[in-house]
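First the structure, in the form of structure tokens, and then the observations on it.
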Amino acid sequence: MARPLLPTRPPAESADPDDLLHLARTSFTDALTRLRESESVATLRDALPMLWQQITDPSSSLRTPVGEADVTTFSKRRLRDALDQIGSAFTLERARYYLDRLARAAQETRTGRINDIDLNRWKEYDDILTDSLWLFDRRDASGAHHAGFWGNFVPQIPYQLMRRYTRRGDLVIDPFAGSGTTLIEGRRLGRHTIGVELNPAVVEQTRATLMHEPDRHGVVCALEVGDSTTLDWTALLEQYGRRSAQLVILHPPYHDIIRFSDDPRDLANAPSVETFLAMLGDVVARVAPVLDRGRYLALVLGDKYANGEWIPLGFLGMQETLRHGFTLKSIVVKNFEQTAGKRSQKELWRYRALVGGFYVFKHEYIFLFRKA
């Protein structure tokens with residue numbers, strides 16, 4: 001069974017305001033320190049209900065208005081879980097460990113070099129996937145997102161990639177921008193985005209779509225007409241005052257499965273798999289110089305059938321990308337249940353599979369590469 005649709009906004013942005021507790025940082029950590037000085041687990045447990053009552057009482061000295069300098073914010077559920085964990089500790093030493101961890105979460109932010117995830121609050125990030133199997137029952141259709149462009153990918157993919165591999169204010173580039181899925185997610189998450197699309201008519205339509213997504217963070221959200229196999233990305237970035245990018249997302253055509261245009265420069269019109277891979281390699285070679293060292297490139301690519309033979313296009317694309325100075329970091333398998341082509345033909349495809357001796361495509365790959 002497919003996993004329910006995941007949250008599409010960070011917890012702090014999607015949380016119900018009534019579920020957020022704004023606490024006076026110093027007073028709260030002082031209260032945790034007093035708990036830490038308890039002489040026994042039993043004494044500590046007896047004090048926890050009183051602390052929770054103070055936390056949830058709007059008139060308590062622990063509560064503070066939003067905007068105060070000395071404030072820390074927790075979701076009510078997460079803070080309740082943390083206190084329950086402290087109370088369930090079997091030893092005073094373990095309870096103190098949990099108290100110290102909660103105090104650190106209140107006092108300091110500890111993020112890595114390439115994202116905004118606060119590792120002192122890692123349990124709060126329910127929206128971020130860390131497993132290599134992603135199951136989606138439907139695409140995110142909120143805001144400017146739409147499924148009207150055949151072959152576009154689900155917004156949850158660029159959302160996950162930006163949350164894991166970028167910080168707010170970083171630049172994400174998309175050489176196969178299409179309907180603007182990456183650009184919409186970047187605008188929502190406060191990431192600058194520059195996309196390139198070969199088809200001028202698609203660019204015009206996508207620019208109109210982007211106008212319907214609010215720009216709450218004041219970021220660059222640019223879409224240009226161009227051929228990504230020959231594009232000078234250094235010159236393009238300079239037009240927007242940038243010298244490098246921090247993430248590249250590639251979602252090329254899956255060779256000739258869907259014909260997007262009659263343009264011979266379109267990867268969907270490559271006369272052979274070998275030519276398709278060479279053109280994909282040209283794109284990777286073009287974007288690699290503007291990607292910062294140590295940062296990530298994501299290739300979203302599925303396989304295909306041709307003349308009764310499974311063509312491992314995804315892994316062939318992986319090998320091509322590795323030729324351009326990247327190391328492989330992860331391979332994610334993604335299944336999207338509600339595909340337009342098979343939504344109303346499940347029984348027919350099952351019959352064809354039984355007759356033809358094959359398995360129905362229900363997955364594609366997300367290859368994560370790190371620039372060496």
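We label chains A, B, ... in the order they appear in the structure tokens, count residues from 1 in each chain, and number ligands from 1 in the order shown.
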
- For region 181-195 of chain A, list every protein, DNA or RNA residue within 8 Å, evaluated using only C-alpha atoms, and leave out those in the same chain fewer than 5 positions away; present the list as a PyMOL selection string. chain A and resi 144-145+152-155+158-159+162+166-176+210+213-224+249

Preceding selection exported with N, CA and C atoms as a compact mmCIF listing (two decimals), in the first residue's frame:
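Wrote it out as part_39.txt, contents follow:
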```txt
# COMPACT_ATOMS: atom_id res chain seq x y z
N ALA A 144 0.50 26.68 -7.37
CA ALA A 144 0.62 26.75 -8.83
C ALA A 144 0.88 25.39 -9.48
N HIS A 145 1.09 24.36 -8.69
CA HIS A 145 1.36 23.05 -9.27
C HIS A 145 0.14 22.53 -10.03
N ASN A 152 5.68 15.65 -16.47
CA ASN A 152 6.31 16.39 -15.38
C ASN A 152 6.41 15.51 -14.14
N PHE A 153 7.33 15.85 -13.24
CA PHE A 153 7.52 14.99 -12.08
C PHE A 153 6.83 15.56 -10.85
N VAL A 154 6.65 14.70 -9.86
CA VAL A 154 5.86 15.12 -8.70
C VAL A 154 6.64 16.15 -7.89
N PRO A 155 5.98 17.20 -7.40
CA PRO A 155 6.67 18.26 -6.65
C PRO A 155 7.37 17.76 -5.39
N PRO A 158 11.52 17.53 -5.92
CA PRO A 158 12.38 18.70 -5.67
C PRO A 158 12.24 19.23 -4.25
N TYR A 159 11.05 19.07 -3.65
CA TYR A 159 10.90 19.50 -2.25
C TYR A 159 11.87 18.75 -1.36
N MET A 162 15.60 19.78 -2.11
CA MET A 162 15.99 21.11 -1.62
C MET A 162 16.09 21.13 -0.10
N THR A 166 20.06 21.86 0.32
CA THR A 166 20.26 23.31 0.18
C THR A 166 19.84 24.03 1.45
N ARG A 167 20.32 25.25 1.56
CA ARG A 167 19.91 26.17 2.61
C ARG A 167 19.07 27.27 1.96
N ARG A 168 18.32 27.97 2.78
CA ARG A 168 17.55 29.11 2.26
C ARG A 168 18.52 30.14 1.68
N GLY A 169 18.22 30.60 0.47
CA GLY A 169 19.10 31.55 -0.21
C GLY A 169 20.06 30.91 -1.18
N ASP A 170 20.18 29.57 -1.18
CA ASP A 170 21.02 28.87 -2.15
C ASP A 170 20.38 28.93 -3.53
N LEU A 171 21.19 28.58 -4.53
CA LEU A 171 20.70 28.57 -5.91
C LEU A 171 20.56 27.13 -6.41
N VAL A 172 19.40 26.84 -6.99
CA VAL A 172 19.11 25.55 -7.59
C VAL A 172 18.90 25.77 -9.08
N ILE A 173 19.54 24.95 -9.91
CA ILE A 173 19.34 25.08 -11.35
C ILE A 173 18.70 23.80 -11.90
N ASP A 174 17.85 24.00 -12.91
CA ASP A 174 17.10 22.90 -13.52
C ASP A 174 17.21 23.03 -15.04
N PRO A 175 18.03 22.21 -15.68
CA PRO A 175 18.22 22.31 -17.14
C PRO A 175 17.06 21.76 -17.96
N PHE A 176 16.11 21.07 -17.33
CA PHE A 176 14.92 20.56 -18.02
C PHE A 176 13.69 21.06 -17.27
N LEU A 210 3.98 30.51 -13.05
CA LEU A 210 4.79 30.97 -11.91
C LEU A 210 4.22 32.24 -11.29
N GLU A 213 2.24 31.72 -8.09
CA GLU A 213 2.86 31.25 -6.84
C GLU A 213 3.45 32.45 -6.11
N PRO A 214 2.95 32.76 -4.91
CA PRO A 214 3.43 33.94 -4.18
C PRO A 214 4.93 33.87 -3.89
N ASP A 215 5.58 35.02 -3.96
CA ASP A 215 7.01 35.11 -3.67
C ASP A 215 7.18 35.69 -2.27
N ARG A 216 7.10 34.83 -1.28
CA ARG A 216 7.15 35.28 0.12
C ARG A 216 8.58 35.54 0.60
N HIS A 217 9.57 35.04 -0.14
CA HIS A 217 10.94 35.15 0.32
C HIS A 217 11.80 36.07 -0.53
N GLY A 218 11.23 36.66 -1.58
CA GLY A 218 11.99 37.58 -2.42
C GLY A 218 13.15 36.92 -3.14
N VAL A 219 12.91 35.76 -3.76
CA VAL A 219 13.99 35.02 -4.42
C VAL A 219 13.90 35.14 -5.93
N VAL A 220 15.04 34.89 -6.58
CA VAL A 220 15.08 34.81 -8.04
C VAL A 220 14.36 33.53 -8.46
N CYS A 221 13.47 33.66 -9.44
CA CYS A 221 12.76 32.51 -9.99
C CYS A 221 12.69 32.74 -11.50
N ALA A 222 13.74 32.29 -12.20
CA ALA A 222 13.91 32.66 -13.60
C ALA A 222 13.81 31.44 -14.50
N LEU A 223 13.19 31.64 -15.65
CA LEU A 223 13.07 30.59 -16.65
C LEU A 223 13.48 31.15 -18.00
N GLU A 224 14.45 30.46 -18.64
CA GLU A 224 14.99 30.94 -19.91
C GLU A 224 14.79 29.89 -21.00
N ILE A 249 19.17 19.84 -10.39
CA ILE A 249 18.14 18.81 -10.52
C ILE A 249 17.91 18.54 -12.00
```

- Task: Extract the full set of strand (DSSP E) residues from region 52-166 of chain A according to DSSP on the backbone, and format it as a ChimeraX atom specification.
- Result: /A:71-75,133-136

Could the residues in this selection be written to a file with all heavy atoms, as a PDB file, in the first residue's frame?
```pdb
ATOM      1  N   VAL A  71      13.262  33.858  23.084  1.00  0.00           N
ATOM      2  CA  VAL A  71      12.135  32.957  22.883  1.00  0.00           C
ATOM      3  C   VAL A  71      12.598  31.692  22.173  1.00  0.00           C
ATOM      4  O   VAL A  71      13.511  31.725  21.342  1.00  0.00           O
ATOM      5  CB  VAL A  71      11.008  33.641  22.069  1.00  0.00           C
ATOM      6  CG1 VAL A  71      11.487  34.001  20.678  1.00  0.00           C
ATOM      7  CG2 VAL A  71       9.770  32.760  22.000  1.00  0.00           C
ATOM      8  N   THR A  72      12.012  30.584  22.519  1.00  0.00           N
ATOM      9  CA  THR A  72      12.219  29.330  21.805  1.00  0.00           C
ATOM     10  C   THR A  72      10.851  28.730  21.524  1.00  0.00           C
ATOM     11  O   THR A  72       9.927  28.879  22.328  1.00  0.00           O
ATOM     12  CB  THR A  72      13.087  28.349  22.625  1.00  0.00           C
ATOM     13  OG1 THR A  72      13.332  27.172  21.847  1.00  0.00           O
ATOM     14  CG2 THR A  72      12.416  27.947  23.928  1.00  0.00           C
ATOM     15  N   THR A  73      10.719  28.096  20.375  1.00  0.00           N
ATOM     16  CA  THR A  73       9.415  27.604  19.936  1.00  0.00           C
ATOM     17  C   THR A  73       9.441  26.095  19.733  1.00  0.00           C
ATOM     18  O   THR A  73      10.359  25.566  19.108  1.00  0.00           O
ATOM     19  CB  THR A  73       8.991  28.288  18.626  1.00  0.00           C
ATOM     20  OG1 THR A  73       8.953  29.712  18.834  1.00  0.00           O
ATOM     21  CG2 THR A  73       7.618  27.813  18.184  1.00  0.00           C
ATOM     22  N   PHE A  74       8.431  25.431  20.279  1.00  0.00           N
ATOM     23  CA  PHE A  74       8.263  23.991  20.100  1.00  0.00           C
ATOM     24  C   PHE A  74       6.826  23.709  19.679  1.00  0.00           C
ATOM     25  O   PHE A  74       5.912  24.453  20.050  1.00  0.00           O
ATOM     26  CB  PHE A  74       8.526  23.229  21.403  1.00  0.00           C
ATOM     27  CG  PHE A  74       9.963  23.208  21.854  1.00  0.00           C
ATOM     28  CD1 PHE A  74      10.458  24.178  22.721  1.00  0.00           C
ATOM     29  CD2 PHE A  74      10.821  22.210  21.417  1.00  0.00           C
ATOM     30  CE1 PHE A  74      11.769  24.151  23.145  1.00  0.00           C
ATOM     31  CE2 PHE A  74      12.140  22.179  21.837  1.00  0.00           C
ATOM     32  CZ  PHE A  74      12.620  23.149  22.702  1.00  0.00           C
ATOM     33  N   SER A  75       6.643  22.631  18.929  1.00  0.00           N
ATOM     34  CA  SER A  75       5.285  22.164  18.740  1.00  0.00           C
ATOM     35  C   SER A  75       4.846  21.479  20.031  1.00  0.00           C
ATOM     36  O   SER A  75       5.653  20.831  20.715  1.00  0.00           O
ATOM     37  CB  SER A  75       5.187  21.195  17.568  1.00  0.00           C
ATOM     38  OG  SER A  75       5.659  19.917  17.917  1.00  0.00           O
ATOM     39  N   LEU A 133      13.376   4.308  -0.309  1.00  0.00           N
ATOM     40  CA  LEU A 133      12.148   3.969  -1.019  1.00  0.00           C
ATOM     41  C   LEU A 133      11.115   5.049  -0.738  1.00  0.00           C
ATOM     42  O   LEU A 133      10.722   5.255   0.415  1.00  0.00           O
ATOM     43  CB  LEU A 133      11.618   2.605  -0.559  1.00  0.00           C
ATOM     44  CG  LEU A 133      10.290   2.152  -1.177  1.00  0.00           C
ATOM     45  CD1 LEU A 133      10.419   2.022  -2.688  1.00  0.00           C
ATOM     46  CD2 LEU A 133       9.824   0.843  -0.557  1.00  0.00           C
ATOM     47  N   TRP A 134      10.694   5.752  -1.792  1.00  0.00           N
ATOM     48  CA  TRP A 134       9.717   6.832  -1.652  1.00  0.00           C
ATOM     49  C   TRP A 134       8.421   6.399  -2.314  1.00  0.00           C
ATOM     50  O   TRP A 134       8.387   6.129  -3.519  1.00  0.00           O
ATOM     51  CB  TRP A 134      10.223   8.115  -2.328  1.00  0.00           C
ATOM     52  CG  TRP A 134      11.441   8.711  -1.694  1.00  0.00           C
ATOM     53  CD1 TRP A 134      12.163   8.212  -0.645  1.00  0.00           C
ATOM     54  CD2 TRP A 134      12.100   9.921  -2.092  1.00  0.00           C
ATOM     55  NE1 TRP A 134      13.225   9.032  -0.357  1.00  0.00           N
ATOM     56  CE2 TRP A 134      13.213  10.086  -1.227  1.00  0.00           C
ATOM     57  CE3 TRP A 134      11.869  10.861  -3.085  1.00  0.00           C
ATOM     58  CZ2 TRP A 134      14.083  11.171  -1.330  1.00  0.00           C
ATOM     59  CZ3 TRP A 134      12.724  11.948  -3.202  1.00  0.00           C
ATOM     60  CH2 TRP A 134      13.814  12.102  -2.326  1.00  0.00           C
ATOM     61  N   LEU A 135       7.358   6.360  -1.529  1.00  0.00           N
ATOM     62  CA  LEU A 135       6.054   5.953  -2.034  1.00  0.00           C
ATOM     63  C   LEU A 135       5.084   7.126  -1.936  1.00  0.00           C
ATOM     64  O   LEU A 135       4.839   7.626  -0.837  1.00  0.00           O
ATOM     65  CB  LEU A 135       5.515   4.759  -1.237  1.00  0.00           C
ATOM     66  CG  LEU A 135       6.415   3.524  -1.179  1.00  0.00           C
ATOM     67  CD1 LEU A 135       5.790   2.450  -0.299  1.00  0.00           C
ATOM     68  CD2 LEU A 135       6.675   2.986  -2.578  1.00  0.00           C
ATOM     69  N   PHE A 136       4.547   7.544  -3.058  1.00  0.00           N
ATOM     70  CA  PHE A 136       3.596   8.643  -3.095  1.00  0.00           C
ATOM     71  C   PHE A 136       2.293   8.148  -3.712  1.00  0.00           C
ATOM     72  O   PHE A 136       2.312   7.478  -4.749  1.00  0.00           O
ATOM     73  CB  PHE A 136       4.124   9.815  -3.927  1.00  0.00           C
ATOM     74  CG  PHE A 136       5.429  10.374  -3.440  1.00  0.00           C
ATOM     75  CD1 PHE A 136       6.549  10.352  -4.254  1.00  0.00           C
ATOM     76  CD2 PHE A 136       5.541  10.918  -2.182  1.00  0.00           C
ATOM     77  CE1 PHE A 136       7.753  10.877  -3.822  1.00  0.00           C
ATOM     78  CE2 PHE A 136       6.743  11.449  -1.734  1.00  0.00           C
ATOM     79  CZ  PHE A 136       7.852  11.426  -2.549  1.00  0.00           C
TER      80      PHE A 136
END
```

Pull the closest atom pair for each residue of region 161-270 of chain A that gets at most 10 Å from region 306-322 of chain A, along with the distance in Å to one decimal, counting only C-alpha atoms, ordering rows by chain and then ascending residue number, as CSV.
```
residue,atom,partner,partner_atom,distance
A:Tyr254,CA,A:Leu313,CA,7.5
A:His255,CA,A:Leu313,CA,8.2
A:Asp256,CA,A:Ala306,CA,10.0
A:Ile257,CA,A:Ala306,CA,9.7
```

Write the residues of the preceding selection, restricted to N, CA, C and O atoms, as a short mmCIF file (atom, residue, chain, number, x, y, z; two decimals), in the first residue's frame.
```cif
data_model
loop_
_atom_site.label_atom_id
_atom_site.label_comp_id
_atom_site.auth_asym_id
_atom_site.auth_seq_id
_atom_site.Cartn_x
_atom_site.Cartn_y
_atom_site.Cartn_z
N TYR A 254 12.59 10.53 -20.69
CA TYR A 254 13.06 9.14 -20.60
C TYR A 254 13.21 8.60 -22.02
O TYR A 254 12.50 7.71 -22.45
N HIS A 255 14.15 9.22 -22.72
CA HIS A 255 14.40 8.98 -24.14
C HIS A 255 13.12 9.23 -24.93
O HIS A 255 12.56 10.33 -24.84
N ASP A 256 12.61 8.22 -25.65
CA ASP A 256 11.50 8.47 -26.58
C ASP A 256 10.15 8.01 -26.06
O ASP A 256 9.21 7.84 -26.84
N ILE A 257 10.01 7.81 -24.74
CA ILE A 257 8.74 7.35 -24.19
C ILE A 257 7.64 8.39 -24.45
O ILE A 257 6.51 8.05 -24.81
#
```

Extract, using only C-alpha atoms, all DNA, RNA and protein residues at most 6 Å from Arg121 (chain A), discarding same-chain residues fewer than 3 positions from it, and format them as a PDB file with N, CA, C and O atoms, in the first residue's frame.
```
ATOM      1  N   ALA A 105      18.302  21.874  22.447  1.00  0.00           N
ATOM      2  CA  ALA A 105      17.341  22.219  21.396  1.00  0.00           C
ATOM      3  C   ALA A 105      16.739  23.590  21.632  1.00  0.00           C
ATOM      4  O   ALA A 105      16.416  24.316  20.682  1.00  0.00           O
ATOM      5  N   ASP A 118      18.016  21.598  11.713  1.00  0.00           N
ATOM      6  CA  ASP A 118      18.570  21.761  13.050  1.00  0.00           C
ATOM      7  C   ASP A 118      18.722  20.368  13.666  1.00  0.00           C
ATOM      8  O   ASP A 118      17.745  19.729  14.051  1.00  0.00           O
ATOM      9  N   GLU A 124      11.883  16.520  14.841  1.00  0.00           N
ATOM     10  CA  GLU A 124      10.765  17.354  14.418  1.00  0.00           C
ATOM     11  C   GLU A 124      10.530  17.326  12.906  1.00  0.00           C
ATOM     12  O   GLU A 124       9.496  17.799  12.430  1.00  0.00           O
TER      13      GLU A 124
END
```

- Task: Would you kindly return, as a ChimeraX atom specification, each protein, DNA or RNA residue with an atom no farther than 12 Å from any atom of Arg80 (chain A), considering only C-alpha atoms and excluding same-chain residues fewer than 6 positions away?
- Result: /A:19-21,48-49,51-53,55-56,74,86-87,102

Output file for the selection above: C-alpha atoms, as a PDB file, in the first residue's frame:
```
ATOM      1  CA  ASP A  19       0.000  23.802  18.330  1.00  0.00           C
ATOM      2  CA  LEU A  20       3.065  26.060  18.683  1.00  0.00           C
ATOM      3  CA  LEU A  21       4.363  26.956  22.121  1.00  0.00           C
ATOM      4  CA  LEU A  48       7.071  16.839  35.256  1.00  0.00           C
ATOM      5  CA  PRO A  49       3.261  17.364  35.418  1.00  0.00           C
ATOM      6  CA  LEU A  51       6.233  21.789  34.432  1.00  0.00           C
ATOM      7  CA  TRP A  52       3.774  20.761  31.700  1.00  0.00           C
ATOM      8  CA  GLN A  53       1.030  22.745  33.391  1.00  0.00           C
ATOM      9  CA  ILE A  55       4.169  25.250  29.719  1.00  0.00           C
ATOM     10  CA  THR A  56       0.543  25.032  28.589  1.00  0.00           C
ATOM     11  CA  PHE A  74       8.263  23.991  20.100  1.00  0.00           C
ATOM     12  CA  ILE A  86      12.309  12.000  30.144  1.00  0.00           C
ATOM     13  CA  GLY A  87       9.671  10.626  32.503  1.00  0.00           C
ATOM     14  CA  LEU A 102      16.053  19.231  25.271  1.00  0.00           C
TER      15      LEU A 102
END
```

- Between A:Ile128, A:Ala372, A:Asp30, A:Arg138, single out the one closest to Thr327 (chain A), counting only C-alpha atoms. A:Ala372

- Query: What separation in Å, quoted to one decimal, exists between CA of Glu68 (chain A) and CA of Thr109 (chain A)?
  - Reply: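 Here the two named atoms are 17.2 Å from each other.
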
- Message: I want to know what sits within 9 Å of Val332 (chain A), based on only C-alpha atoms, with residues of the same chain fewer than 3 positions away left out; could you give that as a list of chain:residue names?
- Response: A:Asp131, A:Ser132, A:Leu133, A:Trp134, A:Glu364, A:Tyr365, A:Ile366, A:Phe367, A:Leu368

- Task: From region 3-238 of chain A, collect each residue whose DSSP state is alpha helix (DSSP H) and return the set as a count of residues only.
- Result: 96

- Item | Straight-line distance linking CA of Arg370 (chain A) with CA of Trp233 (chain A), stated in Å to one decimal | 18.7 Å

- Item | Test item: residues at most 10 Å from Gln107 (chain A), only C-alpha atoms, excluding those fewer than 6 positions along its chain, as a ChimeraX atom specification | /A:25-26,28-29,70-72,101,120

- Query: Glu39 (chain A): which residues within 12 Å, counting only C-alpha atoms, same-chain residues fewer than 6 positions away excluded, as a ChimeraX atom specification?
  - Reply: /A:45-47,91-93,95-96

Dump of N, CA and C atoms for the selected residues, as a compact mmCIF listing (two decimals), in the first residue's frame:
```
# COMPACT_ATOMS: atom_id res chain seq x y z
N ARG A 45 9.99 12.58 38.09
CA ARG A 45 8.70 12.27 37.46
C ARG A 45 7.56 13.04 38.12
N ASP A 46 7.64 13.20 39.42
CA ASP A 46 6.59 13.94 40.13
C ASP A 46 6.55 15.41 39.71
N ALA A 47 7.72 15.95 39.31
CA ALA A 47 7.80 17.37 38.96
C ALA A 47 7.37 17.65 37.52
N THR A 91 16.72 5.34 34.55
CA THR A 91 17.78 5.81 35.44
C THR A 91 17.84 7.33 35.43
N LEU A 92 18.36 7.89 36.51
CA LEU A 92 18.51 9.34 36.59
C LEU A 92 19.52 9.83 35.57
N GLU A 93 20.55 9.02 35.33
CA GLU A 93 21.56 9.39 34.34
C GLU A 93 20.93 9.55 32.96
N ALA A 95 17.70 10.08 32.26
CA ALA A 95 16.77 11.21 32.28
C ALA A 95 17.53 12.53 32.12
N ARG A 96 18.69 12.63 32.76
CA ARG A 96 19.49 13.85 32.64
C ARG A 96 20.01 14.02 31.21
```

- From the list A:Phe276, A:Tyr305, A:Phe361, A:Tyr97, which residue is nearest Val333 (chain A) when using only C-alpha atoms? A:Phe361

- Rounded to one decimal place, report the CA of Lys334 (chain A)-CA of Tyr296 (chain A) distance in Å.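 These two atoms are separated by 18.5 Å.
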